[in-house]
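The file protein.cif contains mmCIF, C-alpha atoms:
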```
data_input
#
loop_
_atom_site.label_atom_id
_atom_site.label_comp_id
_atom_site.auth_asym_id
_atom_site.auth_seq_id
_atom_site.Cartn_x
_atom_site.Cartn_y
_atom_site.Cartn_z
CA MET A 67 203.78 179.55 68.47
CA ARG A 68 204.05 179.98 72.21
CA SER A 69 206.40 182.65 73.52
CA SER A 70 209.87 182.09 74.91
CA PHE A 71 210.23 182.15 78.66
CA LEU A 72 212.44 185.20 78.07
CA SER A 73 209.25 187.15 77.41
CA PHE A 74 208.24 186.28 80.97
CA ALA A 75 211.41 187.93 82.31
CA PRO A 76 211.45 191.46 80.84
CA ASP A 77 214.56 192.52 82.78
CA VAL A 78 216.66 189.90 80.97
CA SER A 79 217.46 190.61 77.33
CA LYS A 80 217.85 187.92 74.68
CA GLU A 81 221.32 189.29 73.96
CA GLN A 82 222.34 188.76 77.59
CA CYS A 83 221.06 185.23 77.51
CA GLN A 84 222.90 184.43 74.28
CA ALA A 85 226.09 185.90 75.72
CA GLU A 86 225.75 183.67 78.75
CA HIS A 87 224.69 180.65 76.68
CA TRP A 88 221.27 180.60 78.28
CA ILE A 89 218.25 178.81 76.94
CA ASP A 90 215.76 180.49 74.62
CA ILE A 91 212.69 178.25 74.61
CA GLU A 92 210.17 178.85 71.82
CA ASN A 93 207.57 176.41 73.09
CA VAL A 94 206.72 177.05 76.72
CA SER A 95 203.63 175.02 77.53
CA GLU A 96 200.69 176.63 79.29
CA SER A 97 199.17 173.40 80.55
CA VAL A 98 200.05 173.97 84.20
CA LYS A 99 197.04 175.31 86.04
CA MET A 100 195.64 174.88 89.55
CA THR A 101 192.68 176.62 91.12
CA PRO A 102 192.98 178.26 94.56
CA GLU A 103 190.80 175.49 95.97
CA GLU A 104 193.10 172.79 94.56
CA ILE A 105 196.14 174.53 96.04
CA GLU A 106 194.40 174.87 99.40
CA ASN A 107 193.52 171.18 99.42
CA LEU A 108 197.09 170.24 98.52
CA ASN A 109 198.41 172.47 101.33
CA ALA A 110 196.26 170.54 103.79
CA ARG A 111 197.64 167.25 102.48
CA ILE A 112 201.21 168.53 102.74
CA LEU A 113 200.64 169.50 106.37
CA ARG A 114 199.29 166.01 107.12
CA THR A 115 202.04 164.10 105.32
CA TYR A 116 204.69 162.54 107.52
CA GLY A 117 208.21 163.62 106.71
CA THR A 118 207.40 167.03 105.21
CA GLU A 119 208.54 168.58 108.51
CA MET A 120 205.60 170.98 108.37
CA HIS A 121 203.53 172.23 111.30
CA ASP A 122 199.79 172.88 111.18
CA LEU A 123 199.97 175.82 113.56
CA LYS A 124 196.23 176.34 113.81
CA LYS A 125 195.77 172.80 115.09
CA GLU A 126 198.83 172.96 117.33
CA ALA A 127 197.78 176.30 118.85
CA PHE A 128 195.64 175.21 121.75
CA ALA A 129 193.02 177.53 123.16
CA LYS A 130 194.05 176.52 126.67
CA GLU A 131 197.44 177.28 128.17
CA GLU A 132 199.82 174.33 127.76
CA ARG A 133 202.97 173.76 129.79
CA VAL A 134 206.05 173.41 127.60
CA VAL A 135 208.65 170.73 128.20
CA TYR A 136 211.91 170.86 126.37
CA ASP A 137 214.73 168.42 126.22
CA LYS A 138 215.10 167.93 122.47
CA TRP A 139 216.81 171.19 121.57
CA CYS A 140 219.53 170.75 124.21
CA GLY A 141 220.95 167.89 122.16
CA ASN A 142 221.78 170.34 119.40
CA PHE A 143 224.75 171.52 121.43
CA LEU A 144 226.25 168.07 121.29
CA SER A 145 225.65 167.39 117.61
CA PHE A 146 228.45 169.66 116.40
CA GLY A 147 232.07 170.07 117.37
CA ILE A 148 231.39 173.62 118.45
CA GLN A 149 234.32 175.78 119.38
CA GLY A 150 233.94 179.12 121.08
CA ILE A 151 230.55 178.29 122.61
CA ASN A 152 230.84 178.03 126.36
CA TRP A 153 227.39 176.66 126.98
CA THR A 154 227.03 173.05 127.98
CA VAL A 155 223.81 171.04 128.01
CA ARG A 156 223.55 171.66 131.75
CA ASP A 157 224.07 175.39 131.32
CA ALA A 158 221.41 175.49 128.63
CA GLN A 159 218.90 173.64 130.76
CA ASN A 160 219.50 175.99 133.66
CA SER A 161 219.16 179.07 131.46
CA VAL A 162 215.79 178.19 129.95
CA ASP A 163 212.74 179.73 131.53
CA LYS A 164 210.80 176.61 132.50
CA ASN A 165 207.67 178.58 133.40
CA VAL A 166 206.85 179.77 129.90
CA HIS A 167 203.57 178.45 128.53
CA ILE A 168 202.59 178.34 124.87
CA LYS A 169 202.14 181.86 123.58
CA TYR A 170 201.18 183.23 120.21
CA GLY A 171 203.58 185.42 118.29
CA ILE A 172 203.81 187.42 115.07
CA ALA A 173 207.10 188.17 113.32
CA THR A 174 207.44 191.95 113.06
CA SER A 175 210.75 191.92 111.20
CA GLN A 176 212.81 189.47 109.19
CA GLY A 177 214.13 187.45 112.10
CA LEU A 178 216.56 184.56 111.70
CA ILE A 179 215.65 181.30 113.43
CA LYS A 180 218.80 179.55 114.66
CA GLN A 181 219.68 176.30 116.40
CA PHE A 182 221.05 178.14 119.42
CA PRO A 183 219.84 181.12 121.48
CA MET A 184 222.87 183.27 120.74
CA GLU A 185 224.57 185.33 118.06
CA THR A 186 227.57 183.02 118.04
CA PHE A 187 228.68 182.04 114.56
CA LEU A 188 229.04 178.33 113.80
CA ALA A 189 231.54 178.03 110.95
CA ASP A 190 231.30 175.56 108.10
CA GLU A 191 233.59 172.59 108.73
CA GLU A 192 234.71 172.56 105.09
CA ASP A 193 235.70 176.24 105.13
CA PRO A 194 235.96 177.56 108.72
CA SER A 195 237.34 180.90 107.52
CA ASP A 196 234.20 181.70 105.51
CA PRO A 197 232.36 184.53 107.34
CA GLU A 198 229.18 184.06 105.29
CA TRP A 199 228.18 180.52 106.19
CA ASP A 200 226.64 179.97 109.61
CA GLU A 201 225.75 176.32 110.22
CA ALA A 202 223.46 177.41 113.06
CA ALA A 203 221.09 179.27 110.69
CA LEU A 204 217.78 177.49 110.07
CA CYS A 205 215.14 179.75 108.57
CA LEU A 206 214.34 183.41 107.96
CA CYS A 207 210.91 184.54 109.16
CA MET A 208 208.84 186.89 107.04
CA VAL A 209 207.04 189.94 108.38
CA GLY A 210 203.60 188.90 109.58
CA GLU A 211 204.47 185.22 109.91
CA ALA A 212 202.65 183.19 112.57
CA LEU A 213 204.76 181.76 115.40
CA LEU A 214 204.08 179.56 118.39
CA ILE A 215 206.30 180.62 121.30
CA LEU A 216 207.38 177.49 123.16
CA GLY A 217 210.06 178.84 125.46
CA SER A 218 212.60 181.54 126.17
CA VAL A 219 216.03 182.35 127.50
CA GLN A 220 215.19 185.45 129.44
CA GLU A 221 218.61 186.95 130.08
CA GLU A 222 219.71 186.41 126.48
CA GLY A 223 216.53 187.82 124.93
CA TYR A 224 215.71 184.80 122.76
CA LEU A 225 212.46 182.93 122.17
CA TYR A 226 212.10 179.30 121.16
CA VAL A 227 209.52 179.37 118.36
CA ARG A 228 207.84 177.16 115.81
CA ASN A 229 206.63 178.41 112.45
CA GLU A 230 204.93 176.37 109.74
CA CYS A 231 208.19 174.88 108.50
CA SER A 232 210.86 175.16 111.20
CA GLU A 233 211.62 175.34 114.91
CA GLY A 234 214.40 177.08 116.80
CA TRP A 235 215.59 180.24 118.54
CA ILE A 236 214.87 183.79 117.40
CA SER A 237 215.67 187.19 118.87
CA ALA A 238 212.75 188.46 120.95
CA GLU A 239 213.16 191.83 119.22
CA SER A 240 211.77 190.27 116.01
CA VAL A 241 208.56 188.95 117.61
CA ALA A 242 205.41 190.54 119.05
CA VAL A 243 203.38 188.48 121.53
CA CYS A 244 199.61 188.41 121.04
CA ARG A 245 197.26 188.73 123.99
CA ASN A 246 195.39 185.54 123.11
CA ARG A 247 194.77 182.97 120.42
CA ALA A 248 191.91 184.95 118.86
CA GLU A 249 194.11 188.00 118.27
CA TRP A 250 196.82 185.76 116.82
CA LEU A 251 194.41 184.08 114.39
CA MET A 252 193.12 187.47 113.25
CA ALA A 253 196.59 188.91 112.73
CA ALA A 254 198.54 185.97 111.28
CA PHE A 255 196.09 184.46 108.80
CA PRO A 256 194.85 187.22 106.43
CA ILE A 257 191.36 186.89 105.02
CA HIS A 258 192.04 189.44 102.29
CA PRO A 259 195.72 188.92 101.46
CA LEU A 260 197.98 191.40 99.74
CA VAL A 261 200.92 189.32 98.55
CA VAL A 262 204.42 190.65 97.93
CA THR A 263 205.30 189.25 94.50
CA GLY A 264 208.44 191.30 93.90
CA ASP A 265 211.91 190.18 94.93
CA MET A 266 211.99 192.81 97.68
CA VAL A 267 209.48 195.59 98.35
CA TRP A 268 210.12 198.58 100.60
CA LEU A 269 207.51 200.77 102.24
CA GLU A 270 208.00 204.52 102.19
CA ALA A 271 210.14 206.12 104.88
CA SER A 272 208.31 207.93 107.66
CA ALA A 273 209.51 210.24 110.41
CA VAL A 274 206.14 209.98 112.15
CA TYR A 275 206.03 206.16 112.31
CA PRO A 276 209.65 205.00 112.71
CA GLY A 277 208.60 201.47 113.66
CA THR A 278 207.45 200.74 110.11
CA SER A 279 209.56 203.30 108.26
CA ALA A 280 211.12 201.81 105.13
CA TYR A 281 209.78 198.39 106.12
CA ARG A 282 211.45 195.65 104.04
CA LEU A 283 209.16 192.93 102.71
CA ARG A 284 210.48 189.89 100.87
CA MET A 285 208.82 187.80 98.18
CA GLY A 286 205.94 185.74 99.54
CA THR A 287 205.12 188.07 102.45
CA VAL A 288 201.36 188.20 103.02
CA LEU A 289 199.66 191.16 104.70
CA GLU A 290 196.03 191.87 105.54
CA LEU A 291 194.41 194.36 103.18
CA CYS A 292 192.17 196.92 104.88
CA VAL A 293 188.98 195.96 103.09
CA GLU A 294 186.82 198.65 104.65
CA GLU A 295 189.19 201.49 103.93
CA GLY A 296 190.65 201.13 100.46
CA ILE A 297 190.72 203.59 97.61
CA PRO A 298 188.59 203.82 94.48
CA GLU A 299 191.32 202.52 92.19
CA ILE A 300 191.60 199.28 94.13
CA LYS A 301 188.13 198.15 93.11
CA GLU A 302 189.04 197.64 89.47
CA THR A 303 192.10 195.57 90.39
CA ILE A 304 190.16 193.31 92.72
CA GLU A 305 187.25 192.93 90.32
CA THR A 306 189.72 191.76 87.66
CA ASN A 307 191.15 189.22 90.08
CA ARG A 308 187.68 188.04 91.00
CA LYS A 309 186.94 187.25 87.35
CA LYS A 310 190.16 185.24 87.23
CA GLY A 311 189.08 183.27 90.30
CA ILE A 312 191.62 184.79 92.67
CA GLY A 313 191.67 187.45 95.33
CA ALA A 314 188.73 189.09 97.07
CA VAL A 315 186.00 191.55 96.17
CA ILE A 316 186.41 194.73 98.19
CA GLU A 317 183.97 197.63 98.03
CA THR A 318 185.45 201.10 98.45
CA THR A 319 184.26 204.68 98.20
CA GLU A 320 185.92 207.97 97.43
CA ALA A 321 185.09 209.21 100.91
CA GLN A 322 187.06 206.35 102.43
CA ALA A 323 190.05 207.30 100.29
CA GLU A 324 190.23 210.71 101.94
CA GLN A 325 191.48 209.30 105.22
CA ARG A 326 194.99 210.11 106.38
CA VAL A 327 197.32 207.13 106.87
CA GLN A 328 200.79 207.62 108.29
CA ASN A 329 200.46 211.38 107.94
CA ARG A 330 199.37 211.39 104.28
CA LEU A 331 196.37 210.55 102.14
CA SER A 332 196.01 207.06 100.78
CA TRP A 333 195.63 207.99 97.12
CA ASN A 334 197.09 205.38 94.76
CA ASN A 335 198.20 203.19 97.65
CA TYR A 336 197.03 199.93 99.12
CA ILE A 337 196.15 200.24 102.79
CA VAL A 338 197.40 197.27 104.80
CA TRP A 339 197.70 196.29 108.44
CA LEU A 340 201.33 196.15 109.55
CA PRO A 341 202.28 193.98 112.56
CA CYS A 342 204.17 195.95 115.21
CA ARG A 343 205.94 195.29 118.51
CA ALA A 344 205.30 197.51 121.51
CA PRO A 345 208.14 198.35 123.94
CA ASP A 346 206.89 195.64 126.29
CA GLY A 347 206.98 193.04 123.49
CA SER A 348 203.22 192.90 122.96
CA PHE A 349 201.53 192.89 119.59
CA PHE A 350 199.66 195.75 118.00
CA ARG A 351 198.99 196.68 114.41
CA GLN A 352 198.86 199.94 112.52
CA LYS A 353 197.85 200.96 109.04
CA GLY A 354 200.48 201.29 106.37
CA LEU A 355 200.55 202.26 102.73
CA ILE A 356 202.01 200.25 99.87
CA PRO A 357 202.19 202.20 96.58
CA MET A 358 200.33 200.62 93.71
CA SER A 359 203.55 200.80 91.69
CA ARG A 360 205.10 198.15 93.95
CA ASP A 361 205.24 194.54 92.79
CA VAL A 362 202.36 193.18 94.88
CA SER A 363 199.18 191.24 94.15
CA VAL A 364 195.70 191.54 95.58
CA GLY A 365 195.21 187.88 96.36
CA TYR A 366 197.58 185.11 95.32
CA LEU A 367 198.87 184.81 91.76
CA SER A 368 197.23 182.45 89.32
CA LEU A 369 199.37 179.32 88.92
CA THR A 370 200.63 178.89 85.34
CA ASN A 371 204.00 178.12 83.73
CA GLU A 372 204.34 181.72 82.70
CA GLU A 373 203.76 183.10 86.19
CA ILE A 374 206.05 180.53 87.85
CA ILE A 375 208.94 181.46 85.58
CA LYS A 376 208.24 185.19 85.92
CA GLN A 377 208.50 184.85 89.68
CA ALA A 378 211.68 182.77 89.51
CA PHE A 379 213.45 185.31 87.30
CA LYS A 380 212.65 188.20 89.64
CA CYS A 381 215.35 186.88 91.97
CA LEU A 382 218.02 186.44 89.30
CA GLY A 383 221.41 187.46 90.67
CA ASP A 384 220.29 187.64 94.32
CA ARG A 385 222.84 186.47 96.84
CA TYR A 386 222.73 183.01 98.41
CA GLY A 387 222.35 182.80 102.19
CA TRP A 388 222.48 179.46 103.99
CA GLY A 389 219.49 178.99 106.26
CA GLY A 390 218.31 182.55 105.61
CA MET A 391 221.42 184.23 106.98
CA LEU A 392 222.18 187.74 105.70
CA GLU A 393 218.42 188.02 105.04
CA SER A 394 218.95 185.92 101.92
CA ARG A 395 217.75 182.60 100.51
CA ASP A 396 219.27 179.19 100.02
CA CYS A 397 218.17 176.74 97.32
CA SER A 398 215.06 175.39 99.03
CA SER A 399 213.83 178.69 100.52
CA TYR A 400 214.16 180.27 97.06
CA ILE A 401 211.81 177.66 95.61
CA ARG A 402 209.54 177.96 98.63
CA GLU A 403 209.18 181.74 98.29
CA VAL A 404 208.49 181.59 94.56
CA TYR A 405 205.66 179.10 95.06
CA ARG A 406 204.39 180.92 98.14
CA CYS A 407 203.20 183.73 95.84
CA PHE A 408 200.61 181.29 94.48
CA GLY A 409 199.31 180.41 97.94
CA TRP A 410 201.40 177.26 98.20
CA ILE A 411 203.13 176.23 101.43
CA LEU A 412 206.13 174.13 100.47
CA PRO A 413 208.35 172.56 103.13
CA ARG A 414 211.44 174.52 104.14
CA ASN A 415 214.13 171.95 103.31
CA THR A 416 214.74 169.60 100.39
CA THR A 417 214.19 166.58 102.64
CA GLY A 418 210.70 167.79 103.44
CA GLN A 419 209.91 168.82 99.88
CA LEU A 420 210.76 165.32 98.66
CA GLN A 421 207.98 163.94 100.87
CA MET A 422 205.20 166.09 99.43
CA PRO A 423 202.20 164.05 98.20
CA VAL A 424 202.65 164.99 94.54
CA ARG A 425 203.85 163.18 91.44
CA LYS A 426 207.49 162.09 91.51
CA ILE A 427 209.74 160.47 88.94
CA GLU A 428 212.72 158.55 90.29
CA LEU A 429 215.96 159.25 88.45
CA ALA A 430 218.41 157.54 90.80
CA GLY A 431 220.08 154.61 89.05
CA ARG A 432 219.09 155.76 85.57
CA CYS A 433 221.71 156.51 82.92
CA CYS A 434 222.02 160.05 81.53
CA SER A 435 220.26 159.20 78.26
CA GLU A 436 217.22 157.94 80.21
CA LYS A 437 217.21 161.08 82.34
CA GLU A 438 217.41 163.29 79.26
CA GLN A 439 214.43 161.54 77.71
CA ILE A 440 212.39 162.17 80.86
CA LEU A 441 213.47 165.81 81.12
CA ARG A 442 212.47 166.57 77.52
CA ALA A 443 208.85 165.81 78.44
CA LEU A 444 208.79 168.02 81.55
CA GLU A 445 207.05 171.37 81.92
CA PRO A 446 209.04 174.50 82.85
CA GLY A 447 208.71 175.08 86.59
CA THR A 448 209.14 171.39 87.46
CA LEU A 449 211.50 170.80 90.39
CA LEU A 450 214.67 168.71 90.06
CA TYR A 451 216.68 167.31 92.96
CA PHE A 452 219.93 165.71 93.87
CA PRO A 453 221.02 165.21 97.51
CA GLY A 454 221.06 168.58 99.24
CA HIS A 455 219.94 170.72 96.30
CA VAL A 456 216.78 171.71 94.42
CA MET A 457 216.50 173.61 91.13
CA MET A 458 213.69 174.72 88.82
CA TYR A 459 213.67 173.21 85.33
CA LEU A 460 213.48 175.66 82.42
CA GLY A 461 213.79 173.48 79.34
CA TYR A 462 215.99 172.12 76.58
CA GLU A 463 217.71 173.91 73.72
CA ASN A 464 220.71 173.32 71.47
CA GLY A 465 221.70 170.16 73.27
CA ASN A 466 221.54 171.66 76.78
CA PHE A 467 219.12 171.29 79.68
CA TYR A 468 218.70 174.50 81.67
CA VAL A 469 217.69 175.25 85.26
CA ILE A 470 217.37 178.32 87.45
CA ASN A 471 218.45 177.89 91.07
CA ASP A 472 220.02 179.49 94.12
CA VAL A 473 223.41 177.80 94.34
CA SER A 474 226.35 178.03 96.72
CA ARG A 475 229.14 176.55 94.62
CA LEU A 476 229.77 174.44 91.54
CA VAL A 477 232.49 173.37 89.11
CA LYS A 478 232.23 175.05 85.72
CA GLU A 479 232.28 173.02 82.53
CA GLY A 480 235.82 172.08 81.58
CA GLU A 481 237.26 172.93 85.01
CA THR A 482 238.06 170.90 88.12
CA MET A 483 238.01 173.37 91.01
CA PRO A 484 234.74 174.55 92.57
CA VAL A 485 233.88 178.25 92.51
CA ARG A 486 231.84 180.08 95.13
CA VAL A 487 228.84 181.34 93.17
CA ARG A 488 226.32 182.08 95.94
CA SER A 489 223.67 183.60 93.68
CA VAL A 490 220.45 182.80 91.86
CA ILE A 491 221.69 181.82 88.41
CA VAL A 492 220.69 180.05 85.19
CA ASN A 493 222.99 177.18 84.26
CA THR A 494 223.01 173.91 82.35
CA LEU A 495 223.04 170.44 83.87
CA ALA A 496 226.53 169.98 82.41
CA VAL A 497 228.12 171.86 85.33
CA ARG A 498 229.67 169.67 88.00
CA ARG A 499 229.51 169.17 91.71
CA PRO A 500 232.76 169.27 93.74
CA ASN A 501 232.94 165.48 93.28
CA LEU A 502 233.30 166.28 89.53
CA ARG A 503 230.12 164.45 88.55
CA THR A 504 227.76 166.50 86.36
CA TRP A 505 224.47 167.69 87.72
CA MET A 506 222.77 165.48 85.14
CA GLU A 507 224.63 162.45 86.52
CA GLU A 508 223.70 163.45 90.08
CA LEU A 509 219.95 164.01 89.51
CA THR A 510 217.90 161.65 91.66
CA LEU A 511 214.31 162.89 91.51
CA VAL A 512 211.77 164.92 89.54
CA LEU A 513 208.94 166.51 91.52
CA ILE A 514 205.87 167.88 89.72
CA PRO A 515 204.04 170.00 92.32
CA TRP A 516 200.85 170.52 90.32
CA GLU A 517 200.24 166.80 89.71
CA THR A 518 198.98 164.67 92.57
#
```
As structure tokens, what does this structure read like?
Amino acid sequence: MRSSFLSFAPDVSKEQCQAEHWIDIENVSESVKMTPEEIENLNARILRTYGTEMHDLKKEAFAKEERVVYDKWCGNFLSFGIQGINWTVRDAQNSVDKNVHIKYGIATSQGLIKQFPMETFLADEEDPSDPEWDEAALCLCMVGEALLILGSVQEEGYLYVRNECSEGWISAESVAVCRNRAEWLMAAFPIHPLVVTGDMVWLEASAVYPGTSAYRLRMGTVLELCVEEGIPEIKETIETNRKKGIGAVIETTEAQAEQRVQNRLSWNNYIVWLPCRAPDGSFFRQKGLIPMSRDVSVGYLSLTNEEIIKQAFKCLGDRYGWGGMLESRDCSSYIREVYRCFGWILPRNTTGQLQMPVRKIELAGRCCSEKEQILRALEPGTLLYFPGHVMMYLGYENGNFYVINDVSRLVKEGETMPVRVRSVIVNTLAVRRPNLRTWMEELTLVLIPWET
């Protein structure tokens, strides 16, 4: 008998799940497997597929200096009925530094990419009094993320950037500018990745290195492991990963472990390169230590049902943040970060995810009984969609179909008024949308990422 998915989530007790009427699957399949090479090949296909809204930054980053022309973003100011923003399209055009050429940047903190180069809050039309929903928010950058810098608003301190899944304005304080393309490629695309697999991981505080003191790293962050300067204990971990077909083989010696990093010895720590921003905005990197007790992985995780669900449950109860605001996740970025731990680069938004070149099952137009029959045959970790929302399928038990997802609001079973949930939760497909149709009724598509 295969174990329940509850055994994959040790912080959640069976009693808690029963109290909340959660699922307790006794037959979680282990058929989902992809090799690192298969994931890499699929990533390349996703980048090439029209409609995924993804950017192949390595191909777009030209070795020669390219003049940037922008008109497109100015239209954003006309697409909303914005109140309290004094800029007009003409003002915006006059404020942009037209002499900026393509530059190469690295995110040195969790910076929010927005539609506009300003802190101004753009309220939700449905609830303008809500202080925790900014329609201008687009995407939250991770530490170490590669950016192409396409423009700037000098007096406001904002850069117009493109990452692999989005494009917009970010505070210049969150970005370090590389000297050239070669430095950018070295810094932004780790050869020996150390992957943050925990919900959030903090580095130790330091009075000597305030720039990286108590650095906050979110799930899916990838840093470069110092392969020439590790510690003896790291060798066993990496050798184990090598046998599993993941990670890298790194030779270390006891002598190398005696070095001092950030004013202390590196014993029982991973040594990584941390991206930093100099006072003039330029990029540099310095060594940092991540304790081995932190939830990190040398190399990407091995893709199985068990590992997918383990990762999903690590975020249980986390707050919802539209577009990455409040350094949080919305429904699609939650799914994206979970799968990122396996080396996967999913599109940022549901519209892009729906275009991925993987197996899909259309549910639109089907009756609920047909949908239920299809869902019963699905593996845990499969993605389910209805317009504007994505969730991860967990399974079926006692007449209920269960999902885990990062949700803003819903209507509970037996009620008619929506409640503001704004958390990662487990729920059944019997809950309702504000239009009072059940999630089962609203389902339009199944997406199976590991089948192409």
query: Applied to the shown file, which residues does the PyMOL selection byres ((chain A and resi 503-507) around 12) return, written as a count of residues only?
result: 48
message: Restricting the calculation to all atoms listed in the file: of A:Ser398, A:Asn329, A:Asn229, A:Ser240, which residue gets closest to Val274 in chain A?
response: A:Asn329
message: What would the selection look like, as a PyMOL selection string, if the PyMOL selection byres ((chain A and resi 289) around 6) were run on the coordinates I just shared?
response: chain A and resi 259-260+288+290
Emit the selected residues as a PDB file, in the coordinates of the input, including C-alpha atoms.
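Now in result.pdb:
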```
ATOM      1  CA  PRO A 259     195.720 188.920 101.460  1.00  0.00           C
ATOM      2  CA  LEU A 260     197.980 191.400  99.740  1.00  0.00           C
ATOM      3  CA  VAL A 288     201.360 188.200 103.020  1.00  0.00           C
ATOM      4  CA  GLU A 290     196.030 191.870 105.540  1.00  0.00           C
TER       5      GLU A 290
END
```
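Our summary of the geometry notes that CA of Ser474 in chain A is positioned 24.4 Å from CA of Val267 in chain A.
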query: How many Å lie between CA of Glu201 in chain A and CA of Val404 in chain A, rounded to one decimal?
result: 23.9 Å
All residues 10 Å or closer to range 409-425 of chain A, all atoms listed in the file, same chain fewer than 6 positions away omitted, as an MDAnalysis selection string: chainID A and resid 102 105:106 108:121 204:205 230:232 259 261 286 288 365:369 389 396:403 449 451:456 511:518
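For the pair CA of Cys207 in chain A and CA of Val338 in chain A, the separation is 19.1 Å.
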task: Using the chain letters and numbers from the file, give me the residues hit by the PyMOL selection byres ((chain A and resi 471) around 6), as a list of chain:residue names.
output: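 For this structure, the PyMOL selection byres ((chain A and resi 471) around 6) captures A:Met457, A:Ile470, A:Asp472, A:Val473, A:Val490, A:Ile491.
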message: List as number ranges by chain the residues having at least one atom at most 12 Å from position (196.1, 197.0, 109.5) as given in the file, counting all atoms listed in the file.
response: A: 210, 252-254, 256, 258-260, 278, 289-296, 327-328, 336-342, 350-356
Range 455-468 of chain A: axis-aligned bounding box, 6 Å on each side, centre and edge lengths in Å, one decimal, as lines of an AutoDock Vina configuration file:
```
center_x = 217.6
center_y = 172.9
center_z = 83.9
size_x = 20.2
size_y = 17.5
size_z = 36.8
```
- line: In terms of all atoms listed in the file, the residue from A:Val364, A:Cys407, A:Leu225, A:Val98 at minimal distance from Lys169 in chain A is A:Leu225
- request: Place a sphere of radius 10 Å on (210.2, 194.3, 99.9) in the file coordinates and name every protein, DNA or RNA residue with an atom inside or on its surface, counting all atoms listed in the file; give the answer as a VMD selection string.
  value: chain A and resid 262 to 269 280 to 287 360 to 362
Return as JSON lines the residues of range 215-305 of chain A lying at most 9 Å from range 184-194 of chain A, together with the closest atom-to-atom pair for each and the distance in Å to one decimal, counting all atoms listed in the file, with rows in chain order and ascending residue number.
```
{"residue": "A:Glu222", "atom": "CA", "partner": "A:Met184", "partner_atom": "CA", "distance": 7.3}
{"residue": "A:Gly223", "atom": "CA", "partner": "A:Met184", "partner_atom": "CA", "distance": 8.9}
{"residue": "A:Tyr224", "atom": "CA", "partner": "A:Met184", "partner_atom": "CA", "distance": 7.6}
{"residue": "A:Trp235", "atom": "CA", "partner": "A:Met184", "partner_atom": "CA", "distance": 8.2}
{"residue": "A:Ile236", "atom": "CA", "partner": "A:Met184", "partner_atom": "CA", "distance": 8.7}
{"residue": "A:Ser237", "atom": "CA", "partner": "A:Met184", "partner_atom": "CA", "distance": 8.4}
```
I need the residues from that last selection saved to file as a tab-separated table (two decimals), in the coordinates of the input (with C-alpha atoms), if you can.
```tsv
chain	number	residue	atom	x	y	z
A	222	GLU	CA	219.71	186.41	126.48
A	223	GLY	CA	216.53	187.82	124.93
A	224	TYR	CA	215.71	184.80	122.76
A	235	TRP	CA	215.59	180.24	118.54
A	236	ILE	CA	214.87	183.79	117.40
A	237	SER	CA	215.67	187.19	118.87
```
message: I'd like to know which of A:Ile168, A:Leu444, A:Val219, A:Ala271 is closest to Arg245 in chain A, using all atoms listed in the file.
response: A:Ile168
